[in-house]
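S.K.: Contents of entry.cif (mmCIF, C-alpha atoms) are given next:
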```
data_structure
loop_
_atom_site.label_atom_id
_atom_site.label_comp_id
_atom_site.auth_asym_id
_atom_site.auth_seq_id
_atom_site.Cartn_x
_atom_site.Cartn_y
_atom_site.Cartn_z
CA MET A 87 0.66 30.20 0.84
CA ARG A 88 0.82 32.69 3.71
CA LEU A 89 -2.49 32.56 5.56
CA LEU A 90 -3.82 35.12 8.00
CA ILE A 91 -7.03 35.05 10.04
CA GLN A 92 -8.66 38.40 10.78
CA LYS A 93 -11.71 38.90 12.98
CA PHE A 94 -13.77 42.10 13.03
CA GLY A 95 -16.30 42.82 15.77
CA GLY A 96 -19.77 44.28 15.51
CA THR A 97 -18.79 47.93 15.82
CA SER A 98 -16.11 47.52 13.14
CA VAL A 99 -18.67 46.32 10.59
CA GLN A 100 -21.56 48.42 11.90
CA THR A 101 -21.58 51.13 9.22
CA LYS A 102 -20.35 51.54 5.68
CA GLU A 103 -17.85 54.12 6.90
CA ASN A 104 -16.47 51.70 9.50
CA ARG A 105 -16.26 48.93 6.91
CA ILE A 106 -14.03 51.16 4.77
CA SER A 107 -11.46 50.87 7.59
CA VAL A 108 -12.00 47.10 7.64
CA ILE A 109 -11.36 46.88 3.91
CA LYS A 110 -8.19 48.95 4.29
CA GLN A 111 -6.87 46.46 6.85
CA ILE A 112 -7.69 43.55 4.55
CA LYS A 113 -6.06 45.18 1.51
CA ARG A 114 -3.00 45.99 3.60
CA ALA A 115 -2.60 42.29 4.42
CA ILE A 116 -3.12 41.29 0.79
CA LYS A 117 -0.28 43.64 -0.21
CA GLN A 118 1.89 41.67 2.21
CA GLU A 119 1.05 38.58 0.11
CA TYR A 120 -1.37 36.98 2.56
CA LYS A 121 -4.48 35.02 1.74
CA LEU A 122 -7.14 35.82 4.34
CA VAL A 123 -9.97 34.18 6.20
CA VAL A 124 -11.98 37.05 7.68
CA VAL A 125 -14.43 36.29 10.51
CA VAL A 126 -17.19 38.82 11.21
CA SER A 127 -19.64 39.47 14.01
CA ALA A 128 -23.18 40.75 13.52
CA LEU A 129 -23.56 44.35 12.36
CA GLY A 130 -23.47 46.70 15.34
CA ARG A 131 -25.12 46.37 18.72
CA ASN A 132 -28.63 46.66 20.10
CA PRO A 133 -30.75 48.50 18.88
CA ASP A 134 -29.12 48.17 15.43
CA PRO A 135 -31.52 46.11 13.28
CA TYR A 136 -29.29 43.04 12.72
CA ALA A 137 -27.51 42.92 16.09
CA THR A 138 -27.99 39.67 17.99
CA ASP A 139 -29.91 41.24 20.89
CA THR A 140 -32.20 43.06 18.45
CA LEU A 141 -33.00 39.81 16.66
CA LEU A 142 -33.83 38.15 19.99
CA LYS A 143 -36.34 40.89 20.77
CA MET A 144 -38.30 39.87 17.67
CA VAL A 145 -39.36 36.71 19.50
CA ASP A 146 -39.72 38.37 22.93
CA HIS A 147 -36.70 36.55 24.32
CA PRO A 148 -36.34 35.63 27.16
CA THR A 149 -39.95 36.00 28.30
CA SER A 150 -41.47 33.74 25.65
CA ASN A 151 -41.29 29.96 25.55
CA ASN A 152 -38.58 29.96 22.88
CA SER A 153 -37.11 26.87 21.28
CA LYS A 154 -33.32 26.97 21.75
CA ARG A 155 -32.84 25.31 18.37
CA GLU A 156 -34.94 27.98 16.66
CA LEU A 157 -33.20 30.75 18.60
CA ASP A 158 -29.94 29.59 17.05
CA MET A 159 -31.50 29.80 13.59
CA LEU A 160 -32.47 33.39 14.37
CA MET A 161 -29.24 34.50 16.09
CA ALA A 162 -27.07 33.16 13.27
CA CYS A 163 -28.71 35.59 10.84
CA GLY A 164 -26.77 38.62 12.09
CA GLU A 165 -23.34 37.20 11.28
CA THR A 166 -24.55 35.73 8.00
CA ILE A 167 -25.80 39.14 6.88
CA ALA A 168 -22.50 40.76 7.91
CA SER A 169 -20.46 38.23 5.91
CA VAL A 170 -22.45 38.84 2.74
CA VAL A 171 -22.36 42.64 3.14
CA LEU A 172 -18.58 42.72 3.66
CA SER A 173 -17.90 40.24 0.85
CA ASN A 174 -19.97 42.36 -1.55
CA GLU A 175 -18.16 45.56 -0.55
CA LEU A 176 -14.75 43.89 -0.92
CA ARG A 177 -15.60 42.98 -4.52
CA GLN A 178 -16.65 46.61 -5.10
CA HIS A 179 -13.09 47.50 -4.02
CA ASN A 180 -11.61 45.01 -6.51
CA VAL A 181 -10.82 42.37 -3.88
CA SER A 182 -11.61 38.79 -4.85
CA ALA A 183 -13.86 37.57 -2.02
CA THR A 184 -16.66 35.16 -1.20
CA ALA A 185 -18.78 34.57 1.90
CA LEU A 186 -19.43 31.34 3.83
CA THR A 187 -21.65 30.54 6.78
CA GLY A 188 -20.06 28.81 9.74
CA ALA A 189 -21.56 25.54 8.56
CA GLN A 190 -20.19 25.98 5.03
CA ALA A 191 -16.79 26.81 6.53
CA GLY A 192 -16.83 23.40 8.21
CA LEU A 193 -17.44 24.21 11.88
CA ILE A 194 -19.03 21.12 13.44
CA THR A 195 -20.42 21.51 16.96
CA ASN A 196 -22.30 19.50 19.54
CA ASP A 197 -26.04 20.12 19.95
CA GLU A 198 -25.95 22.39 23.01
CA TYR A 199 -28.02 25.08 21.32
CA ASN A 200 -27.10 28.69 22.24
CA GLU A 201 -23.84 27.51 23.89
CA ALA A 202 -22.50 24.92 21.45
CA LYS A 203 -18.93 23.67 21.61
CA ILE A 204 -16.83 23.17 18.49
CA LYS A 205 -16.09 19.47 18.06
CA LYS A 206 -14.04 19.67 14.87
CA ILE A 207 -13.47 21.71 11.75
CA LYS A 208 -13.58 20.40 8.21
CA PRO A 209 -11.83 23.21 6.29
CA ASP A 210 -11.93 21.59 2.83
CA ARG A 211 -14.39 24.18 1.47
CA ILE A 212 -12.25 27.06 2.72
CA LYS A 213 -9.11 25.58 1.20
CA GLN A 214 -10.88 25.13 -2.13
CA GLU A 215 -12.25 28.69 -2.13
CA LEU A 216 -8.79 30.09 -1.31
CA LYS A 217 -7.56 28.73 -4.65
CA ASN A 218 -9.96 31.13 -6.37
CA HIS A 219 -10.22 34.06 -3.96
CA ASP A 220 -7.93 36.19 -1.85
CA VAL A 221 -10.45 36.58 0.97
CA ILE A 222 -12.99 34.18 2.48
CA VAL A 223 -15.46 36.00 4.74
CA VAL A 224 -16.84 33.61 7.36
CA ALA A 225 -19.85 34.28 9.57
CA GLY A 226 -18.60 34.00 13.14
CA PHE A 227 -20.41 32.71 16.23
CA GLN A 228 -22.04 29.79 14.41
CA GLY A 229 -21.66 26.23 13.16
CA ARG A 230 -23.77 23.15 12.64
CA THR A 231 -24.40 19.83 14.31
CA GLU A 232 -23.51 16.52 12.70
CA SER A 233 -27.16 16.24 11.66
CA GLY A 234 -27.15 19.69 10.01
CA ASP A 235 -28.90 21.96 12.54
CA ILE A 236 -27.59 25.51 12.88
CA THR A 237 -25.92 26.25 16.23
CA THR A 238 -24.37 29.27 17.91
CA ILE A 239 -21.37 29.06 20.19
CA GLY A 240 -22.15 31.66 22.85
CA ARG A 241 -21.03 35.20 23.55
CA GLY A 242 -17.53 35.84 22.26
CA GLY A 243 -18.19 33.17 19.67
CA SER A 244 -16.68 35.09 16.78
CA ASP A 245 -13.35 35.28 18.62
CA THR A 246 -13.58 31.53 19.17
CA THR A 247 -14.44 30.96 15.52
CA ALA A 248 -11.35 32.90 14.42
CA ALA A 249 -9.02 31.07 16.79
CA ALA A 250 -10.43 27.66 15.85
CA LEU A 251 -10.04 28.37 12.14
CA GLY A 252 -6.52 29.63 12.75
CA ALA A 253 -5.63 26.40 14.55
CA SER A 254 -7.27 24.17 11.94
CA LEU A 255 -5.72 25.96 8.96
CA ARG A 256 -2.34 26.47 10.69
CA ALA A 257 -2.49 30.20 10.01
CA GLU A 258 0.54 32.39 10.55
CA CYS A 259 -1.40 34.57 13.01
CA VAL A 260 -4.92 35.42 14.19
CA GLU A 261 -5.67 39.14 14.36
CA ILE A 262 -8.61 40.32 16.48
CA PHE A 263 -9.66 43.83 15.43
CA THR A 264 -11.63 46.00 17.86
CA ASP A 265 -12.20 49.67 18.60
CA VAL A 266 -9.26 49.78 21.04
CA LYS A 267 -5.54 49.76 20.21
CA GLY A 268 -4.67 46.59 22.12
CA ILE A 269 -4.70 45.08 25.59
CA MET A 270 -4.29 47.83 28.17
CA THR A 271 -2.76 47.79 31.63
CA ALA A 272 -6.22 48.75 32.95
CA ASP A 273 -9.55 49.93 31.62
CA PRO A 274 -8.71 53.35 30.07
CA ARG A 275 -12.21 54.54 30.99
CA VAL A 276 -11.18 54.15 34.64
CA VAL A 277 -7.42 54.84 34.54
CA ASP A 278 -6.32 57.83 32.49
CA SER A 279 -2.68 56.67 32.49
CA ALA A 280 -3.45 53.13 31.21
CA GLN A 281 -0.87 51.96 28.67
CA ARG A 282 -0.99 49.51 25.79
CA ILE A 283 0.87 46.28 26.46
CA ASP A 284 3.13 45.31 23.55
CA VAL A 285 3.61 41.60 24.32
CA VAL A 286 1.70 39.41 26.79
CA THR A 287 1.45 35.67 27.40
CA TYR A 288 -1.56 33.49 26.64
CA THR A 289 -1.99 32.71 30.35
CA GLU A 290 -1.95 36.34 31.42
CA THR A 291 -4.44 37.24 28.69
CA CYS A 292 -6.80 34.44 29.78
CA ASN A 293 -6.63 35.62 33.37
CA LEU A 294 -7.25 39.24 32.40
CA ALA A 295 -10.20 38.17 30.23
CA TYR A 296 -11.75 35.97 32.91
CA GLN A 297 -11.36 38.78 35.46
CA GLY A 298 -13.22 41.36 33.41
CA ALA A 299 -11.03 42.61 30.55
CA LYS A 300 -13.33 42.27 27.54
CA VAL A 301 -10.96 42.72 24.61
CA ILE A 302 -10.94 39.01 23.68
CA HIS A 303 -12.86 35.94 24.80
CA PRO A 304 -10.72 33.63 26.98
CA ARG A 305 -11.81 30.50 25.09
CA ALA A 306 -10.26 31.93 21.91
CA VAL A 307 -6.98 32.46 23.76
CA GLU A 308 -7.03 28.88 25.08
CA ILE A 309 -7.51 27.49 21.57
CA ALA A 310 -4.67 29.60 20.17
CA MET A 311 -2.42 28.60 23.07
CA GLN A 312 -3.04 24.89 22.50
CA ALA A 313 -2.25 25.29 18.79
CA GLU A 314 0.65 27.71 19.44
CA ILE A 315 -0.85 30.24 17.03
CA PRO A 316 0.11 33.87 17.83
CA LEU A 317 -2.76 36.30 18.44
CA ARG A 318 -2.79 40.05 17.92
CA ILE A 319 -5.29 42.50 19.36
CA ARG A 320 -5.44 45.52 17.06
CA SER A 321 -7.50 48.60 16.30
CA THR A 322 -9.59 48.57 13.14
CA TYR A 323 -8.79 52.25 12.67
CA SER A 324 -5.00 52.19 13.01
CA GLU A 325 -1.97 50.57 11.40
CA ASP A 326 -0.42 50.09 14.85
CA GLU A 327 0.58 46.47 15.47
CA GLY A 328 -1.35 46.34 18.75
CA THR A 329 -0.71 43.68 21.39
CA LEU A 330 0.94 40.36 20.55
CA ILE A 331 -0.24 37.36 22.58
CA THR A 332 2.24 34.51 22.57
CA SER A 333 3.73 31.76 24.76
CA SER A 334 6.42 34.00 26.28
CA ARG A 335 8.43 37.08 25.42
CA VAL A 336 11.65 35.13 24.86
CA LYS A 337 11.20 34.77 21.09
CA GLU A 338 9.95 38.31 20.59
CA LEU A 339 12.19 40.31 22.89
CA GLY A 340 14.99 38.03 24.05
CA ILE A 341 13.67 38.15 27.61
CA ASP A 342 11.17 36.04 29.53
CA ILE A 343 8.05 37.33 31.24
CA PRO A 344 9.16 37.30 34.93
CA ASP A 345 10.79 40.74 34.57
CA ARG A 346 7.25 42.14 34.67
CA LEU A 347 5.76 41.63 38.12
CA VAL A 348 2.19 42.67 37.25
CA THR A 349 0.91 42.98 33.69
CA GLY A 350 -2.49 44.53 34.23
CA ILE A 351 -5.37 45.32 36.56
CA ALA A 352 -8.81 43.92 35.67
CA HIS A 353 -12.15 44.30 37.40
CA ILE A 354 -15.71 43.02 37.59
CA ASP A 355 -18.46 45.07 39.21
CA SER A 356 -22.10 44.46 40.13
CA ILE A 357 -21.58 41.43 42.34
CA SER A 358 -22.80 40.42 45.80
CA GLN A 359 -21.00 38.56 48.56
CA LEU A 360 -22.95 35.79 50.30
CA THR A 361 -21.85 34.48 53.70
CA ILE A 362 -23.55 31.29 54.92
CA THR A 363 -23.02 30.02 58.43
CA VAL A 364 -22.90 26.22 58.68
CA ASN A 365 -22.77 23.75 61.53
CA GLU A 366 -19.23 22.41 61.87
CA SER A 367 -20.59 18.89 62.41
CA ASP A 368 -22.80 18.97 59.29
CA LEU A 369 -20.32 17.78 56.67
CA LYS A 370 -22.93 17.77 53.91
CA ALA A 371 -23.91 21.43 54.26
CA GLN A 372 -21.17 22.81 52.05
CA ALA A 373 -21.98 20.40 49.22
CA THR A 374 -25.69 21.23 49.54
CA ILE A 375 -24.99 24.94 49.15
CA PHE A 376 -23.07 24.57 45.90
CA LYS A 377 -25.42 21.94 44.50
CA THR A 378 -28.31 24.34 45.11
CA MET A 379 -26.49 27.01 43.10
CA ALA A 380 -25.55 24.58 40.33
CA ASP A 381 -29.10 23.22 39.99
CA ALA A 382 -30.33 26.80 39.53
CA ASN A 383 -27.57 27.52 36.97
CA ILE A 384 -26.16 30.28 39.19
CA SER A 385 -22.45 30.92 38.61
CA VAL A 386 -20.42 31.34 41.81
CA ASP A 387 -17.00 32.94 42.23
CA PHE A 388 -14.48 34.01 44.85
CA ILE A 389 -15.11 30.97 47.03
CA ASN A 390 -13.81 30.63 50.61
CA ILE A 391 -14.80 27.55 52.64
CA SER A 392 -14.16 26.94 56.34
CA PRO A 393 -15.72 24.50 58.83
CA THR A 394 -18.19 27.17 59.99
CA ASN A 395 -18.64 29.48 56.97
CA VAL A 396 -19.06 29.37 53.22
CA ILE A 397 -18.38 32.66 51.45
CA TYR A 398 -18.71 33.34 47.72
CA THR A 399 -19.95 35.91 45.23
CA VAL A 400 -22.75 35.92 42.66
CA PRO A 401 -23.80 38.46 40.01
CA THR A 402 -26.10 41.16 41.36
CA GLU A 403 -28.99 40.17 39.12
CA VAL A 404 -29.28 36.68 40.65
CA THR A 405 -28.67 37.65 44.28
CA GLU A 406 -32.30 37.51 45.43
CA LYS A 407 -32.85 34.18 43.69
CA ALA A 408 -29.72 32.69 45.27
CA VAL A 409 -30.69 33.86 48.76
CA SER A 410 -34.25 32.57 48.40
CA LEU A 411 -33.06 29.11 47.33
CA LEU A 412 -30.57 28.89 50.19
CA GLU A 413 -33.13 29.99 52.78
CA LYS A 414 -35.51 27.31 51.51
CA GLN A 415 -32.75 24.83 52.33
CA GLY A 416 -32.67 26.20 55.88
CA PHE A 417 -29.49 28.25 55.63
CA ASN A 418 -28.94 31.65 57.23
CA VAL A 419 -27.50 33.97 54.57
CA LYS A 420 -25.75 37.27 55.12
CA VAL A 421 -25.67 39.44 51.99
CA LYS A 422 -23.27 42.24 51.13
CA LYS A 423 -24.41 43.93 47.93
CA ASN A 424 -22.71 46.49 45.67
CA CYS A 425 -19.34 44.80 45.60
CA ALA A 426 -16.58 44.68 42.97
CA LYS A 427 -13.69 42.32 42.29
CA VAL A 428 -10.30 43.78 41.39
CA SER A 429 -7.55 41.52 40.06
CA ALA A 430 -3.81 42.07 39.67
CA VAL A 431 -2.53 39.74 36.93
CA GLY A 432 1.08 38.97 36.10
CA ALA A 433 3.20 35.92 35.33
CA GLY A 434 6.12 37.58 37.06
CA MET A 435 4.54 37.42 40.53
CA THR A 436 4.88 33.65 40.81
CA GLY A 437 7.03 32.84 43.84
CA ILE A 438 7.87 36.50 44.47
CA PRO A 439 7.26 37.65 48.07
CA GLY A 440 5.73 41.02 48.85
CA VAL A 441 3.09 41.30 46.12
CA VAL A 442 0.16 40.88 48.52
CA ALA A 443 1.80 43.32 50.91
CA LYS A 444 2.07 45.93 48.15
CA ILE A 445 -1.58 45.45 47.15
CA THR A 446 -2.79 45.66 50.74
CA GLU A 447 -0.72 48.75 51.47
CA ALA A 448 -1.85 50.54 48.31
CA LEU A 449 -5.52 49.94 49.09
CA ILE A 450 -5.35 50.76 52.79
CA ASP A 451 -3.41 53.97 52.08
CA ASN A 452 -6.34 55.00 49.87
CA ASP A 453 -9.00 54.06 52.46
CA VAL A 454 -10.23 51.06 50.47
CA GLN A 455 -11.59 48.27 52.67
CA ILE A 456 -10.74 44.71 51.60
CA LEU A 457 -13.73 42.41 52.11
CA GLN A 458 -12.16 39.21 50.84
CA SER A 459 -9.03 38.07 49.01
CA ALA A 460 -7.61 35.08 47.17
CA ASP A 461 -4.65 34.30 44.95
CA SER A 462 -3.18 31.90 42.42
CA HIS A 463 0.28 31.71 40.89
CA THR A 464 -0.41 34.58 38.48
CA THR A 465 -3.42 36.46 39.90
CA ILE A 466 -4.36 38.12 43.19
CA TRP A 467 -8.00 39.06 43.73
CA VAL A 468 -9.57 41.43 46.23
CA LEU A 469 -13.25 42.08 46.87
CA ILE A 470 -14.14 45.67 47.73
CA HIS A 471 -17.13 47.96 47.94
CA ASP A 472 -18.23 49.05 44.48
CA GLU A 473 -18.01 52.73 45.46
CA HIS A 474 -14.22 52.33 45.90
CA LEU A 475 -13.65 50.67 42.52
CA LYS A 476 -12.06 53.57 40.63
CA THR A 477 -9.87 54.49 43.58
CA ALA A 478 -8.68 50.90 44.01
CA ILE A 479 -7.82 50.32 40.35
CA ASN A 480 -5.89 53.58 40.12
CA ALA A 481 -4.07 52.86 43.38
CA LEU A 482 -2.90 49.43 42.19
CA HIS A 483 -2.02 50.74 38.73
CA GLU A 484 0.19 53.37 40.36
CA ALA A 485 1.65 51.00 42.99
CA PHE A 486 2.96 48.65 40.29
CA GLU A 487 4.03 51.60 38.10
CA LEU A 488 2.07 50.33 35.11
CA ASN A 489 1.82 53.87 33.77
CA LYS A 490 5.60 53.73 33.14
CA ILE A 491 5.44 50.95 30.55
CA THR A 492 6.91 52.67 27.49
CA ASP A 493 8.99 50.14 25.55
CA PRO A 494 8.83 46.34 25.24
CA GLY A 495 11.21 44.78 27.72
CA LYS A 496 11.70 48.00 29.69
CA GLU A 497 8.79 47.86 32.10
CA THR A 498 9.44 49.25 35.56
CA VAL A 499 9.02 46.89 38.51
CA SER A 500 9.91 47.31 42.12
#
```
I need this file expressed as structure tokens, please.
M.R.:
Amino acid sequence: MRLLIQKFGGTSVQTKENRISVIKQIKRAIKQEYKLVVVVSALGRNPDPYATDTLLKMVDHPTSNNSKRELDMLMACGETIASVVLSNELRQHNVSATALTGAQAGLITNDEYNEAKIKKIKPDRIKQELKNHDVIVVAGFQGRTESGDITTIGRGGSDTTAAALGASLRAECVEIFTDVKGIMTADPRVVDSAQRIDVVTYTETCNLAYQGAKVIHPRAVEIAMQAEIPLRIRSTYSEDEGTLITSSRVKELGIDIPDRLVTGIAHIDSISQLTITVNESDLKAQATIFKTMADANISVDFINISPTNVIYTVPTEVTEKAVSLLEKQGFNVKVKKNCAKVSAVGAGMTGIPGVVAKITEALIDNDVQILQSADSHTTIWVLIHDEHLKTAINALHEAFELNKITDPGKETVS
């Protein structure tokens, strides 16, 4: 039995007209002799009536004293409704289908309500239903604890559901359908010349996702990578094959990834840079700073530590809280608001000299001030003023000639 996992996001299942395109994609796969497990998100986005954020407003979240366990019961409704609606419409189109909740599909999680982690999958029910149906529609984003309570697995949870089911069922591929045609070299809303990437590695995709590209959740990529299950990012409204995510390009193209210096440019805006001066002799100060942030559940990024300074970034919305907590600890905090993080990601840059020089030159030539920088083997980050974001992304996109990617294996690098 050839098995394919398909995941459709909220906008894909939002309206009856959109779901016609979903059904076409499913029927196309059936014609290729696949059995399918189809994972769905909640219908639409806020203020659509069954979107997750709309459901949360019904209980005045987050201002009310909500029970996290009960919030999961509420939030799971959106995906459950979507699974039943799509299953019903598939049968109207003469496709043998049935719907399952995450719990019925065998997703067992821990009891961290609202942010549960999948512990294991018991796919016996899915396997049994596949004997009688061509399509099993599974409500994404949700599972159950060992004791039977409903849980949700956080934002991006439907992607994670699809990848986990693909790994458990040893599917041939996991296809993530969205309203874009694949992973792009940059955000096409910012860079007019952004190109679709035909083949990209798991690691590059994770880095792009963590640095702001929102096409797929990085946890889903990590699961697929561990199980060596190929992923595809595709458009719901096109027959184009989209972007293939795999271990390397050797199998697909006969070449390995290092021929491509930089794969894409990602960005995150609305962040603040905090600079805290510390006494060089106070060895505990640095630990106190980060423990203060951790105790307040404030996520920190872009960290630079020296004997006399600690520098890092936080999301704009928690800046005042972070500063207040640090000042209560006796620290002097310098704040630089309205910042953005731009990341150049590419497996091919590992061990190659001159990449930082090219980034620096491209930004300086376009009058973009670099506030902070850092790098890893496959990613180089720069912090800039938010007002320079579009200029910076376009400058880097042009510097690495990402607009010239036309055919797999023929990318231009310099």
S.K.: Tell me which residues the PyMOL selection byres ((chain A and resi 398) around 9) grabs here, as number ranges by chain.
M.R.: A: 358-362, 386-391, 396-397, 399-400
S.K.: Once the PyMOL selection byres ((chain A and resi 274-280) around 7) has been applied to the shown file, what residues remain in the selection, as a ChimeraX atom specification?
M.R.: /A:270-273,281-282,476,480,489
S.K.: Please identify all polymer residues lying at most 8 Å from the point (-5.5, 32.0, 26.1) (file coordinates), using all atoms listed in the file, and present the result as a list of chain:residue names.
M.R.: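 Nearby residues: A:Thr287, A:Tyr288, A:Thr289, A:Glu290, A:Thr291, A:Cys292, A:Pro304, A:Arg305, A:Ala306, A:Val307, A:Glu308, A:Ile309, A:Ala310, A:Met311.
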S.K.: Which protein, DNA or RNA residues have an atom at most 12 Å from (-21.4, 44.2, 4.2), counting only C-alpha atoms? List them as a PyMOL selection string.
M.R.: chain A and resi 94+96+98-106+108-109+126-130+136+164-178+183-185+223-225
S.K.: Quick one: pull the distance between CA of Gln455 (chain A) and CA of Asp472 (chain A), Å, one decimal.
M.R.: 10.6 Å
S.K.: I'd like the neighbourhood of region 250-266 of chain A as a PDB file with C-alpha atoms, keeping the file's coordinate frame, where a residue qualifies if any of its atoms comes within 9 Å (using only C-alpha atoms), though same-chain residues fewer than 2 positions away should be ignored.
M.R.:
```pdb
ATOM      1  CA  ARG A  88       0.820  32.690   3.710  1.00  0.00           C
ATOM      2  CA  LEU A  89      -2.490  32.560   5.560  1.00  0.00           C
ATOM      3  CA  LEU A  90      -3.820  35.120   8.000  1.00  0.00           C
ATOM      4  CA  ILE A  91      -7.030  35.050  10.040  1.00  0.00           C
ATOM      5  CA  GLN A  92      -8.660  38.400  10.780  1.00  0.00           C
ATOM      6  CA  LYS A  93     -11.710  38.900  12.980  1.00  0.00           C
ATOM      7  CA  PHE A  94     -13.770  42.100  13.030  1.00  0.00           C
ATOM      8  CA  GLY A  95     -16.300  42.820  15.770  1.00  0.00           C
ATOM      9  CA  GLY A  96     -19.770  44.280  15.510  1.00  0.00           C
ATOM     10  CA  THR A  97     -18.790  47.930  15.820  1.00  0.00           C
ATOM     11  CA  SER A  98     -16.110  47.520  13.140  1.00  0.00           C
ATOM     12  CA  VAL A 108     -12.000  47.100   7.640  1.00  0.00           C
ATOM     13  CA  VAL A 123      -9.970  34.180   6.200  1.00  0.00           C
ATOM     14  CA  ALA A 191     -16.790  26.810   6.530  1.00  0.00           C
ATOM     15  CA  LEU A 193     -17.440  24.210  11.880  1.00  0.00           C
ATOM     16  CA  ILE A 204     -16.830  23.170  18.490  1.00  0.00           C
ATOM     17  CA  LYS A 206     -14.040  19.670  14.870  1.00  0.00           C
ATOM     18  CA  ILE A 207     -13.470  21.710  11.750  1.00  0.00           C
ATOM     19  CA  LYS A 208     -13.580  20.400   8.210  1.00  0.00           C
ATOM     20  CA  PRO A 209     -11.830  23.210   6.290  1.00  0.00           C
ATOM     21  CA  LYS A 213      -9.110  25.580   1.200  1.00  0.00           C
ATOM     22  CA  ASP A 245     -13.350  35.280  18.620  1.00  0.00           C
ATOM     23  CA  THR A 246     -13.580  31.530  19.170  1.00  0.00           C
ATOM     24  CA  THR A 247     -14.440  30.960  15.520  1.00  0.00           C
ATOM     25  CA  ALA A 248     -11.350  32.900  14.420  1.00  0.00           C
ATOM     26  CA  GLY A 268      -4.670  46.590  22.120  1.00  0.00           C
ATOM     27  CA  ILE A 269      -4.700  45.080  25.590  1.00  0.00           C
ATOM     28  CA  MET A 270      -4.290  47.830  28.170  1.00  0.00           C
ATOM     29  CA  VAL A 301     -10.960  42.720  24.610  1.00  0.00           C
ATOM     30  CA  ILE A 302     -10.940  39.010  23.680  1.00  0.00           C
ATOM     31  CA  ALA A 306     -10.260  31.930  21.910  1.00  0.00           C
ATOM     32  CA  ILE A 309      -7.510  27.490  21.570  1.00  0.00           C
ATOM     33  CA  ALA A 310      -4.670  29.600  20.170  1.00  0.00           C
ATOM     34  CA  GLN A 312      -3.040  24.890  22.500  1.00  0.00           C
ATOM     35  CA  ALA A 313      -2.250  25.290  18.790  1.00  0.00           C
ATOM     36  CA  GLU A 314       0.650  27.710  19.440  1.00  0.00           C
ATOM     37  CA  ILE A 315      -0.850  30.240  17.030  1.00  0.00           C
ATOM     38  CA  PRO A 316       0.110  33.870  17.830  1.00  0.00           C
ATOM     39  CA  LEU A 317      -2.760  36.300  18.440  1.00  0.00           C
ATOM     40  CA  ARG A 318      -2.790  40.050  17.920  1.00  0.00           C
ATOM     41  CA  ILE A 319      -5.290  42.500  19.360  1.00  0.00           C
ATOM     42  CA  ARG A 320      -5.440  45.520  17.060  1.00  0.00           C
ATOM     43  CA  SER A 321      -7.500  48.600  16.300  1.00  0.00           C
ATOM     44  CA  THR A 322      -9.590  48.570  13.140  1.00  0.00           C
ATOM     45  CA  TYR A 323      -8.790  52.250  12.670  1.00  0.00           C
ATOM     46  CA  GLY A 328      -1.350  46.340  18.750  1.00  0.00           C
TER      47      GLY A 328
END
```
S.K.: Can you translate the PyMOL selection byres ((chain A and resi 230) around 7) into the concrete residues it hits in this file, as a PyMOL selection string?
M.R.: chain A and resi 189+193-195+229+231-232+234-237
S.K.: So, counting all atoms listed in the file, which residue among A:Asp355, A:Asp453, A:Glu484, A:Asp368 is closest to Leu469 (chain A)?
M.R.: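 Among the listed residues, the smallest separation from Leu469 (chain A) belongs to A:Asp355.
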S.K.: Just the number, please: distance in Å from CA of Met87 (chain A) to CA of Ile116 (chain A), one decimal.
M.R.: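 Answer for the CA of Met87 (chain A) to CA of Ile116 (chain A) separation: 11.7 Å.
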S.K.: What's the 12 Å shell around Ala371 (chain A), counting only C-alpha atoms, without same-chain residues fewer than 5 positions away, as number ranges by chain?
M.R.: A: 362-366, 376-378, 391-396, 412, 415-418
S.K.: Between A:His303, A:His179, A:His463, A:Arg346, which residue has the minimum interatomic distance to Ile112 (chain A), considering all atoms listed in the file?
M.R.: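 Nearest candidate to Ile112 (chain A) out of A:His303, A:His179, A:His463, A:Arg346: A:His179.
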S.K.: Would you compute the distance between CA of Val431 (chain A) and CA of Leu347 (chain A)? Give it in Å to one decimal.
M.R.: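 Separation between CA of Val431 (chain A) and CA of Leu347 (chain A): 8.6 Å.
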S.K.: Just checking: using all atoms listed in the file, which residue out of A:Asn151, A:Thr477, A:Thr465, A:Asn200 ends up closest to Ala295 (chain A)?
M.R.: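 Under the stated criterion, the closest residue is A:Thr465.
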S.K.: Using all atoms listed in the file, which of A:Lys414, A:Ser385, A:Phe486, A:Asp146 sits nearest Met435 (chain A)?
M.R.: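 Going through A:Lys414, A:Ser385, A:Phe486, A:Asp146 one by one, the smallest distance to Met435 (chain A) is for A:Phe486.
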S.K.: So for region 316-333 of chain A, what box centre and size do we get, axis-aligned, 8 Å extra on each of the six sides, every listed atom, Å to one decimal, as lines of an AutoDock Vina configuration file?
M.R.:
```
center_x = -2.9
center_y = 42.0
center_z = 18.1
size_x = 29.3
size_y = 36.5
size_z = 29.4
```
S.K.: When distances are computed from all atoms listed in the file, which of A:Ser429, A:Ser324, A:Asn196, A:Asn180 shows the smallest separation from Ile351 (chain A)?
M.R.: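 Closest residue, counting all atoms listed in the file: A:Ser429.
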S.K.: Got a sec: who's within 9 Å of region 438-444 of chain A, counting only C-alpha atoms, leaving out chain neighbours fewer than 3 positions off, as a ChimeraX atom specification?
M.R.: /A:347,434-435,447-449,461,466,482,485-486
